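S.K.: Provided herewith: run-v5.txt, compact mmCIF, C-alpha atoms.
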# COMPACT_ATOMS: atom_id res chain seq x y z
CA MET K 1 -10.52 29.66 17.27
CA ALA K 2 -8.56 31.00 14.29
CA ALA K 3 -10.37 32.62 11.39
CA GLY K 4 -11.62 29.99 8.96
CA GLU K 5 -11.05 27.12 11.42
CA ALA K 6 -14.14 24.95 11.69
CA THR K 7 -15.17 23.13 14.84
CA MET K 8 -14.25 19.46 14.60
CA THR K 9 -17.06 16.96 14.90
CA ASP K 10 -16.73 13.70 16.81
CA GLU K 11 -16.32 11.97 13.45
CA ASP K 12 -13.54 14.40 12.45
CA ARG K 13 -11.73 13.78 15.74
CA SER K 14 -12.09 10.01 15.29
CA LYS K 15 -10.73 10.15 11.74
CA ASP K 16 -7.86 12.37 12.89
CA GLU K 17 -6.96 9.89 15.62
CA PHE K 18 -6.97 6.97 13.16
CA PHE K 19 -4.78 8.97 10.76
CA LYS K 20 -2.29 9.68 13.56
CA ARG K 21 -2.24 5.99 14.54
CA LEU K 22 -1.73 4.96 10.92
CA GLY K 23 1.13 7.45 10.62
CA LEU K 24 2.84 6.00 13.68
CA LEU K 25 2.37 2.44 12.39
CA ALA K 26 3.69 3.41 8.95
CA GLN K 27 6.78 4.99 10.51
CA GLU K 28 7.36 1.88 12.63
CA MET K 29 7.08 -0.27 9.48
CA ILE K 30 9.51 1.99 7.59
CA ASP K 31 12.00 1.81 10.44
CA ALA K 32 11.78 -1.99 10.55
CA HIS K 33 11.49 -2.90 6.86
CA GLY K 34 11.89 0.19 4.67
CA LYS K 35 9.71 2.38 2.50
CA ASP K 36 9.10 -0.14 -0.30
CA PHE K 37 7.66 -2.74 2.07
CA THR K 38 5.53 -0.15 3.83
CA MET K 39 4.11 1.37 0.64
CA GLY K 40 3.43 -2.07 -0.83
CA THR K 41 1.65 -3.19 2.31
CA LEU K 42 -0.54 -0.09 2.46
CA ILE K 43 -1.39 -0.34 -1.24
CA LEU K 44 -2.24 -4.02 -0.86
CA ALA K 45 -4.46 -3.24 2.13
CA ALA K 46 -6.24 -0.54 0.10
CA ARG K 47 -6.83 -3.01 -2.75
CA PHE K 48 -8.24 -5.58 -0.32
CA ILE K 49 -10.60 -2.95 1.07
CA ALA K 50 -11.66 -1.85 -2.42
CA ASP K 51 -12.29 -5.47 -3.44
CA GLY K 52 -14.18 -6.27 -0.23
CA LYS K 53 -11.65 -8.92 0.77
CA PRO K 54 -10.85 -9.59 4.42
CA ILE K 55 -7.61 -8.09 5.68
CA GLY K 56 -5.53 -10.58 7.60
CA ARG K 57 -4.51 -14.16 7.25
CA PRO K 58 -7.07 -16.96 6.97
CA GLY K 59 -7.55 -18.60 10.37
CA SER K 60 -5.99 -15.66 12.18
CA THR K 61 -7.38 -14.80 15.59
CA GLU K 62 -6.83 -11.11 14.81
CA PRO K 63 -9.81 -9.04 13.63
CA SER K 64 -10.01 -8.76 9.86
CA ALA K 65 -12.10 -5.60 9.63
Reformat the file's structure so that it appears as structure tokens.
M.R.:
Amino acid sequence: MAAGEATMTDEDRSKDEFFKRLGLLAQEMIDAHGKDFTMGTLILAARFIADGKPIGRPGSTEPSA
């Protein structure tokens, strides 16, 4: 282990994996629809989370949380 490098906890590893997945999804969105769409979508999702609103379309069979 390098000097100053802390051991990752299970929570740290989980968060790191989610961040990697989000990065891949964001890149896929950019490639398909551009940066403006991607940034707007991520900002809107953050606002929904902050406001406690469900993410997803009403009646969707996809998980909303």
S.K.: Take CA of Glu11 in chain K and CA of Ile30 in chain K and report the distance between them in Å, one decimal.
M.R.: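 So the answer is 28.3 Å.
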S.K.: Mind checking which residues fall within 9 Å of range 16-26 of chain K, counting all atoms listed in the file, ignoring those fewer than 3 positions away in the same chain, and posting them as a list in words?
M.R.: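 That gives Glu11, Asp12, Arg13, Met29, Ile30, Asp31, Lys35, Thr38, Met39 and Leu42 of chain K.
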S.K.: Record the distance separating CA of Ile43 in chain K and CA of Ile55 in chain K, expressed in Å with one decimal.
M.R.: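 Between CA of Ile43 in chain K and CA of Ile55 in chain K the gap is 12.1 Å.
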S.K.: So how far away is CA of Arg57 in chain K from CA of Thr41 in chain K, in Å?
M.R.: 13.5 Å
S.K.: Neighbours of Ala45 in chain K within 12 Å (only C-alpha atoms; same-chain residues fewer than 6 positions away dropped), as a PyMOL selection string?
M.R.: chain K and resi 38-39+51-56+64-65
S.K.: Take range 26-46 of chain K, model N, CA and C atoms, and hand the result over as a PDB file, keeping the file's coordinate frame.
M.R.:
ATOM      1  N   ALA K  26       2.914   3.331  10.189  1.00  0.00           N
ATOM      2  CA  ALA K  26       3.690   3.410   8.950  1.00  0.00           C
ATOM      3  C   ALA K  26       5.152   3.724   9.254  1.00  0.00           C
ATOM      4  N   GLN K  27       5.399   4.652  10.178  1.00  0.00           N
ATOM      5  CA  GLN K  27       6.780   4.990  10.510  1.00  0.00           C
ATOM      6  C   GLN K  27       7.494   3.803  11.151  1.00  0.00           C
ATOM      7  N   GLU K  28       6.789   3.075  12.004  1.00  0.00           N
ATOM      8  CA  GLU K  28       7.360   1.880  12.630  1.00  0.00           C
ATOM      9  C   GLU K  28       7.708   0.839  11.559  1.00  0.00           C
ATOM     10  N   MET K  29       6.827   0.675  10.571  1.00  0.00           N
ATOM     11  CA  MET K  29       7.080  -0.270   9.480  1.00  0.00           C
ATOM     12  C   MET K  29       8.279   0.169   8.647  1.00  0.00           C
ATOM     13  N   ILE K  30       8.374   1.462   8.355  1.00  0.00           N
ATOM     14  CA  ILE K  30       9.510   1.990   7.590  1.00  0.00           C
ATOM     15  C   ILE K  30      10.801   1.723   8.340  1.00  0.00           C
ATOM     16  N   ASP K  31      10.791   2.013   9.636  1.00  0.00           N
ATOM     17  CA  ASP K  31      12.000   1.810  10.440  1.00  0.00           C
ATOM     18  C   ASP K  31      12.433   0.348  10.458  1.00  0.00           C
ATOM     19  N   ALA K  32      11.466  -0.563  10.464  1.00  0.00           N
ATOM     20  CA  ALA K  32      11.780  -1.990  10.550  1.00  0.00           C
ATOM     21  C   ALA K  32      12.095  -2.623   9.200  1.00  0.00           C
ATOM     22  N   HIS K  33      11.382  -2.188   8.127  1.00  0.00           N
ATOM     23  CA  HIS K  33      11.490  -2.900   6.860  1.00  0.00           C
ATOM     24  C   HIS K  33      11.650  -2.018   5.632  1.00  0.00           C
ATOM     25  N   GLY K  34      11.656  -0.713   5.794  1.00  0.00           N
ATOM     26  CA  GLY K  34      11.890   0.190   4.670  1.00  0.00           C
ATOM     27  C   GLY K  34      10.612   0.695   4.009  1.00  0.00           C
ATOM     28  N   LYS K  35      10.828   1.708   3.172  1.00  0.00           N
ATOM     29  CA  LYS K  35       9.710   2.380   2.500  1.00  0.00           C
ATOM     30  C   LYS K  35       8.998   1.481   1.497  1.00  0.00           C
ATOM     31  N   ASP K  36       9.734   0.695   0.724  1.00  0.00           N
ATOM     32  CA  ASP K  36       9.100  -0.140  -0.300  1.00  0.00           C
ATOM     33  C   ASP K  36       8.124  -1.134   0.322  1.00  0.00           C
ATOM     34  N   PHE K  37       8.548  -1.802   1.381  1.00  0.00           N
ATOM     35  CA  PHE K  37       7.660  -2.740   2.070  1.00  0.00           C
ATOM     36  C   PHE K  37       6.427  -2.025   2.591  1.00  0.00           C
ATOM     37  N   THR K  38       6.637  -0.894   3.223  1.00  0.00           N
ATOM     38  CA  THR K  38       5.530  -0.150   3.830  1.00  0.00           C
ATOM     39  C   THR K  38       4.535   0.311   2.773  1.00  0.00           C
ATOM     40  N   MET K  39       5.010   0.904   1.696  1.00  0.00           N
ATOM     41  CA  MET K  39       4.110   1.370   0.640  1.00  0.00           C
ATOM     42  C   MET K  39       3.364   0.190   0.014  1.00  0.00           C
ATOM     43  N   GLY K  40       4.071  -0.897  -0.248  1.00  0.00           N
ATOM     44  CA  GLY K  40       3.430  -2.070  -0.830  1.00  0.00           C
ATOM     45  C   GLY K  40       2.348  -2.627   0.070  1.00  0.00           C
ATOM     46  N   THR K  41       2.624  -2.677   1.356  1.00  0.00           N
ATOM     47  CA  THR K  41       1.650  -3.190   2.310  1.00  0.00           C
ATOM     48  C   THR K  41       0.409  -2.311   2.362  1.00  0.00           C
ATOM     49  N   LEU K  42       0.601  -0.999   2.391  1.00  0.00           N
ATOM     50  CA  LEU K  42      -0.540  -0.090   2.460  1.00  0.00           C
ATOM     51  C   LEU K  42      -1.354  -0.118   1.168  1.00  0.00           C
ATOM     52  N   ILE K  43      -0.678  -0.235   0.041  1.00  0.00           N
ATOM     53  CA  ILE K  43      -1.390  -0.340  -1.240  1.00  0.00           C
ATOM     54  C   ILE K  43      -2.174  -1.644  -1.294  1.00  0.00           C
ATOM     55  N   LEU K  44      -1.551  -2.736  -0.872  1.00  0.00           N
ATOM     56  CA  LEU K  44      -2.240  -4.020  -0.860  1.00  0.00           C
ATOM     57  C   LEU K  44      -3.460  -3.975   0.058  1.00  0.00           C
ATOM     58  N   ALA K  45      -3.318  -3.367   1.213  1.00  0.00           N
ATOM     59  CA  ALA K  45      -4.460  -3.240   2.130  1.00  0.00           C
ATOM     60  C   ALA K  45      -5.578  -2.434   1.476  1.00  0.00           C
ATOM     61  N   ALA K  46      -5.224  -1.355   0.780  1.00  0.00           N
ATOM     62  CA  ALA K  46      -6.240  -0.540   0.100  1.00  0.00           C
ATOM     63  C   ALA K  46      -6.947  -1.352  -0.986  1.00  0.00           C
TER      64      ALA K  46
END
